[in-house]
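Visitor: This one is coords-v9.cif, mmCIF, C-alpha atoms.
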data_run
#
loop_
_atom_site.label_atom_id
_atom_site.label_comp_id
_atom_site.auth_asym_id
_atom_site.auth_seq_id
_atom_site.Cartn_x
_atom_site.Cartn_y
_atom_site.Cartn_z
CA MET T 1 -57.04 62.37 -139.50
CA ASN T 2 -55.21 59.56 -141.32
CA ALA T 3 -56.62 58.11 -144.49
CA PRO T 4 -57.95 54.57 -144.06
CA GLU T 5 -55.62 51.81 -145.18
CA PRO T 6 -56.83 50.21 -148.43
CA PRO T 7 -58.26 46.72 -148.03
CA ARG T 8 -55.77 43.89 -148.49
CA LEU T 9 -56.34 41.56 -151.39
CA ASP T 10 -56.67 37.86 -150.71
CA LEU T 11 -53.96 36.87 -153.20
CA ALA T 12 -54.25 33.18 -152.31
CA SER T 13 -57.95 33.16 -153.23
CA ILE T 14 -57.28 35.04 -156.46
CA ALA T 15 -54.50 32.60 -157.40
CA LEU T 16 -56.71 29.57 -156.66
CA ARG T 17 -59.61 31.06 -158.63
CA LEU T 18 -57.39 31.75 -161.66
CA ALA T 19 -55.75 28.34 -161.42
CA ALA T 20 -59.21 26.74 -161.63
CA GLN T 21 -59.93 28.63 -164.87
CA THR T 22 -58.02 26.31 -167.19
CA ALA T 23 -59.59 27.99 -170.26
CA LEU T 24 -57.74 31.17 -169.22
CA TRP T 25 -54.25 29.76 -168.82
CA GLN T 26 -54.14 26.48 -170.79
CA PRO T 27 -53.87 28.23 -174.22
CA GLN T 28 -50.80 30.13 -172.91
CA VAL T 29 -48.79 27.02 -171.98
CA ARG T 30 -45.57 26.76 -173.97
CA TYR T 31 -42.30 25.11 -173.07
CA THR T 32 -39.01 26.52 -174.32
CA PRO T 33 -35.66 24.85 -173.63
CA ALA T 34 -33.73 28.15 -173.53
CA SER T 35 -35.66 29.66 -170.61
CA ARG T 36 -38.89 29.56 -168.68
CA HIS T 37 -41.93 30.79 -170.60
CA TYR T 38 -44.21 33.36 -168.99
CA ALA T 39 -47.39 35.14 -170.06
CA ARG T 40 -49.43 37.81 -168.30
CA LEU T 41 -52.93 36.55 -167.59
CA VAL T 42 -54.43 39.56 -165.78
CA ALA T 43 -53.40 43.20 -165.46
CA ALA T 44 -55.90 44.66 -162.96
CA ALA T 45 -55.62 48.00 -161.18
CA ASP T 46 -54.60 46.38 -157.89
CA TYR T 47 -52.86 43.13 -158.93
CA GLU T 48 -51.43 41.19 -161.84
CA ALA T 49 -51.32 37.49 -162.64
CA TRP T 50 -48.83 35.48 -164.66
CA LEU T 51 -48.55 31.97 -166.05
CA LEU T 52 -45.07 30.41 -165.86
CA THR T 53 -43.91 27.15 -167.42
CA TRP T 54 -40.94 25.15 -166.24
CA LEU T 55 -39.12 22.34 -168.04
CA PRO T 56 -37.13 19.94 -165.84
CA GLY T 57 -34.04 21.76 -164.57
CA GLN T 58 -35.38 25.26 -165.15
CA GLY T 59 -35.66 27.69 -162.26
CA THR T 60 -35.21 31.19 -160.98
CA ASP T 61 -32.23 32.85 -159.40
CA TRP T 62 -32.63 33.90 -155.79
CA HIS T 63 -34.87 36.98 -155.97
CA ASP T 64 -37.34 39.23 -154.20
CA HIS T 65 -40.43 40.91 -155.64
CA GLY T 66 -39.55 44.55 -155.10
CA GLY T 67 -42.03 45.04 -152.28
CA SER T 68 -44.94 43.20 -153.88
CA ALA T 69 -46.73 40.41 -152.01
CA GLY T 70 -47.71 37.30 -153.91
CA ALA T 71 -49.16 33.84 -154.16
CA PHE T 72 -48.73 31.03 -156.65
CA VAL T 73 -50.37 27.72 -157.40
CA THR T 74 -48.70 24.79 -159.12
CA VAL T 75 -51.26 23.71 -161.71
CA ARG T 76 -49.17 20.95 -163.31
CA GLY T 77 -46.10 19.06 -162.15
CA THR T 78 -44.00 19.76 -159.06
CA LEU T 79 -41.89 22.79 -158.13
CA THR T 80 -39.33 23.14 -155.35
CA GLU T 81 -39.02 26.37 -153.38
CA ARG T 82 -36.19 27.43 -151.10
CA HIS T 83 -36.50 30.68 -149.22
CA ALA T 84 -34.50 33.02 -147.04
CA TRP T 85 -35.17 34.73 -143.75
CA LEU T 86 -34.46 38.47 -143.51
CA ASP T 87 -32.70 39.59 -140.35
CA SER T 88 -33.27 43.02 -138.76
CA SER T 89 -30.78 44.61 -141.17
CA GLY T 90 -32.56 43.10 -144.17
CA THR T 91 -29.80 40.59 -144.97
CA PRO T 92 -31.28 37.34 -146.31
CA THR T 93 -30.13 34.05 -144.77
CA ILE T 94 -30.92 30.85 -146.66
CA LEU T 95 -33.09 28.46 -144.66
CA PRO T 96 -32.14 24.78 -144.98
CA GLU T 97 -35.60 23.37 -145.66
CA GLU T 98 -37.27 23.29 -149.03
CA ARG T 99 -40.91 23.03 -150.04
CA ARG T 100 -42.13 20.57 -152.67
CA LEU T 101 -45.17 22.11 -154.36
CA SER T 102 -47.03 19.48 -156.36
CA THR T 103 -50.14 20.04 -158.50
CA GLY T 104 -52.72 21.99 -156.49
CA SER T 105 -50.20 23.35 -153.95
CA LEU T 106 -50.54 27.00 -152.97
CA ARG T 107 -47.73 29.23 -151.70
CA SER T 108 -48.43 32.74 -150.37
CA PHE T 109 -45.81 35.26 -149.32
CA GLY T 110 -45.44 38.81 -148.06
CA THR T 111 -43.68 41.88 -149.34
CA ARG T 112 -40.22 40.94 -147.97
CA HIS T 113 -40.04 37.39 -149.35
CA VAL T 114 -36.81 36.17 -150.97
CA HIS T 115 -36.83 32.77 -152.66
CA ARG T 116 -35.68 30.51 -155.45
CA VAL T 117 -38.07 28.23 -157.36
CA THR T 118 -36.96 25.30 -159.53
CA ASN T 119 -38.39 22.34 -161.35
CA ASP T 120 -36.29 19.51 -159.93
CA ALA T 121 -38.74 16.88 -161.17
CA LEU T 122 -38.62 14.83 -164.38
CA GLU T 123 -41.85 16.27 -165.84
CA PRO T 124 -42.68 19.83 -167.00
CA ALA T 125 -44.48 22.09 -164.53
CA VAL T 126 -46.90 25.01 -164.84
CA SER T 127 -47.77 27.62 -162.21
CA VAL T 128 -50.08 30.64 -161.87
CA HIS T 129 -48.66 33.64 -159.93
CA VAL T 130 -50.44 36.71 -158.54
CA TYR T 131 -48.68 39.86 -157.29
CA ALA T 132 -49.98 42.99 -155.58
CA PRO T 133 -49.12 45.59 -156.39
CA ALA T 134 -47.96 44.65 -159.89
CA LEU T 135 -44.26 43.84 -160.14
CA VAL T 136 -42.18 46.90 -160.93
CA ALA T 137 -38.80 45.86 -159.50
CA MET T 138 -36.92 42.75 -158.48
CA THR T 139 -33.53 42.20 -156.88
CA THR T 140 -31.52 39.07 -157.64
CA TYR T 141 -29.08 37.52 -155.19
CA ARG T 142 -26.19 35.08 -155.15
CA PRO T 143 -25.38 32.71 -152.29
CA ASP T 144 -22.34 33.43 -150.13
CA GLY T 145 -22.35 30.57 -147.63
CA ASP T 146 -25.78 30.69 -146.03
CA ARG T 147 -26.21 34.44 -146.76
CA LEU T 148 -27.44 36.06 -149.95
CA ILE T 149 -25.67 39.00 -151.57
CA ALA T 150 -27.65 41.31 -153.88
CA THR T 151 -26.22 41.18 -157.40
CA SER T 152 -28.61 43.21 -159.55
CA SER T 153 -31.85 45.15 -159.59
CA GLN T 154 -34.29 44.92 -162.43
CA LEU T 155 -37.03 47.39 -163.30
CA ALA T 156 -40.10 46.50 -165.35
CA GLY T 157 -39.92 47.99 -168.81
CA GLN T 158 -36.21 48.81 -168.52
CA ASN T 159 -34.10 45.69 -168.00
CA TRP T 160 -36.64 42.87 -167.80
#
What is this structure when it is put down as structure tokens?

Guide:
Amino acid sequence: MNAPEPPRLDLASIALRLAAQTALWQPQVRYTPASRHYARLVAAADYEAWLLTWLPGQGTDWHDHGGSAGAFVTVRGTLTERHAWLDSSGTPTILPEERRLSTGSLRSFGTRHVHRVTNDALEPAVSVHVYAPALVAMTTYRPDGDRLIATSSQLAGQNW
């Protein structure tokens, strides 16, 4: 007999609940010109949550979440997300559309999501992110036409 599958977390609900708790994340908000600021908000047994701050022009490289699913809420400002579709071989292809995620916007994604998030606006932005399971690995990518080529893998506690 197979063991029952563990219940799935509602990461969107967790992200929205944490985003509404301004007393939890507001004291962690810091902006640094050299790079995005991030602070862990929750380290639970089955998920983790992070606060990220974004000055205008700051953003991520193309990346995945090492098999973790996630959700994030923009709690201040506006973020822009581009994402890629994975074909049957797992090769990511950049999709042409982008999402503008203004204050209050929620974005959920599964375990195979590859994306790039930037603050293309003129004002700073803040977001709350939830991942399950906790992030232990990430792969970064570089564009090659409309395809993405893996450039590096990062492991928590080793090279990030």

Visitor: Check which residues satisfy the PyMOL selection byres ((chain T and resi 110) around 10) in the file shown, then give them as a list in words.

Guide: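 For this structure, the PyMOL selection byres ((chain T and resi 110) around 10) resolves to His65, Gly67, Ser68, Ala69, Gly70, Ala71, Ser108, Phe109, Thr111, Arg112, His113, Val114, Tyr131 and Ala132 of chain T.
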
Visitor: Could you state which residues are captured by the PyMOL selection byres ((chain T and resi 40) around 7) in this file, as a ChimeraX atom specification?

Guide: /T:38-39,41-42,49-51

Visitor: Which residues are near Leu122 of chain T? Cut-off 9 Å, all atoms listed in the file, ignore same chain within fewer than 5 positions. Put them as a ChimeraX atom specification.

Guide: /T:55-57,77

Visitor: Restricting the calculation to all atoms listed in the file, which member of T:Asp120, T:Asp61, T:Glu97, T:Asp10 is positioned closest to Asp46 of chain T?

Guide: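 The answer is T:Asp10, which sits nearest to Asp46 of chain T.
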
Visitor: Have a look at T:Pro96, T:Gly59, T:Pro133, T:Gly145 and name the one nearest to Thr78 of chain T; count all atoms listed in the file.

Guide: T:Gly59

Visitor: Counting all atoms listed in the file, which residue out of T:Gln154, T:Gln28, T:Gln58, T:Thr103 sits closest to Thr74 of chain T?

Guide: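 The shortest atom-to-atom distance to Thr74 of chain T comes from T:Thr103.
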
Visitor: For segment 139-157 of chain T, take all atoms listed in the file, fit an axis-aligned box around them, add 8 Å to each of the six sides, then output centre and edge lengths in Å rounded to one decimal, as JSON.

Guide:
{"center_x": -31.2, "center_y": 39.3, "center_z": -157.4, "size_x": 33.8, "size_y": 33.4, "size_z": 38.8}

Visitor: Would you list the contacts of Ser152 of chain T as a PyMOL selection string, taking every protein, DNA or RNA residue within 10 Å and counting all atoms listed in the file, but skipping same-chain residues closer than 6 positions in sequence?

Guide: chain T and resi 63+138-142

Visitor: Give the answer as one residue: which of T:Ile149, T:Val128, T:Leu135, T:Leu101 has the shortest atom-to-atom distance to Leu24 of chain T, using all atoms listed in the file?

Guide: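 Of T:Ile149, T:Val128, T:Leu135, T:Leu101, the one nearest Leu24 of chain T is T:Val128, counting all atoms listed in the file.
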
Visitor: Can you give me, as a ChimeraX atom specification, the residues this file yields under the PyMOL selection byres ((chain T and resi 37) around 10)?

Guide: /T:28-36,38-39,51-55,126

Visitor: What is the atom CA of Pro92 of chain T to atom CA of Ser127 of chain T distance in Å?

Guide: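 Atom-to-atom, atom CA of Pro92 of chain T to atom CA of Ser127 of chain T, that is 24.9 Å.
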
Visitor: May I ask for the distance between atom CA of Arg100 of chain T and atom CA of Arg76 of chain T, given in Å to one decimal place?

Guide: 12.8 Å

Visitor: Can you work out the spacing between atom CA of Ala125 of chain T and atom CA of Thr93 of chain T in Å, to one decimal?

Guide: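 Separating atom CA of Ala125 of chain T from atom CA of Thr93 of chain T is a distance of 27.2 Å.
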
Visitor: Which residue out of T:Leu79, T:Leu9, T:Leu155, T:Ile94 has the minimum interatomic distance to Trp62 of chain T when all atoms listed in the file are used?

Guide: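 Smallest separation from Trp62 of chain T among the options: T:Ile94.
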
Visitor: Using only C-alpha atoms for the distances, tell me which of T:Arg116, T:Ala19, T:Ala45, T:Glu98 is nearest to Val75 of chain T.

Guide: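 Looking only at the distances to Val75 of chain T, the closest residue turns out to be T:Ala19.
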
Visitor: Excluding Leu95 of chain T and any residue of its chain fewer than 6 positions from it, enumerate the residues within 9 Å of it, using all atoms listed in the file, and give them as a list in words.

Guide: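 Final neighbour list, sorted by chain and number: Arg82, His83, Ala84, Trp85 and Asp146 of chain T.
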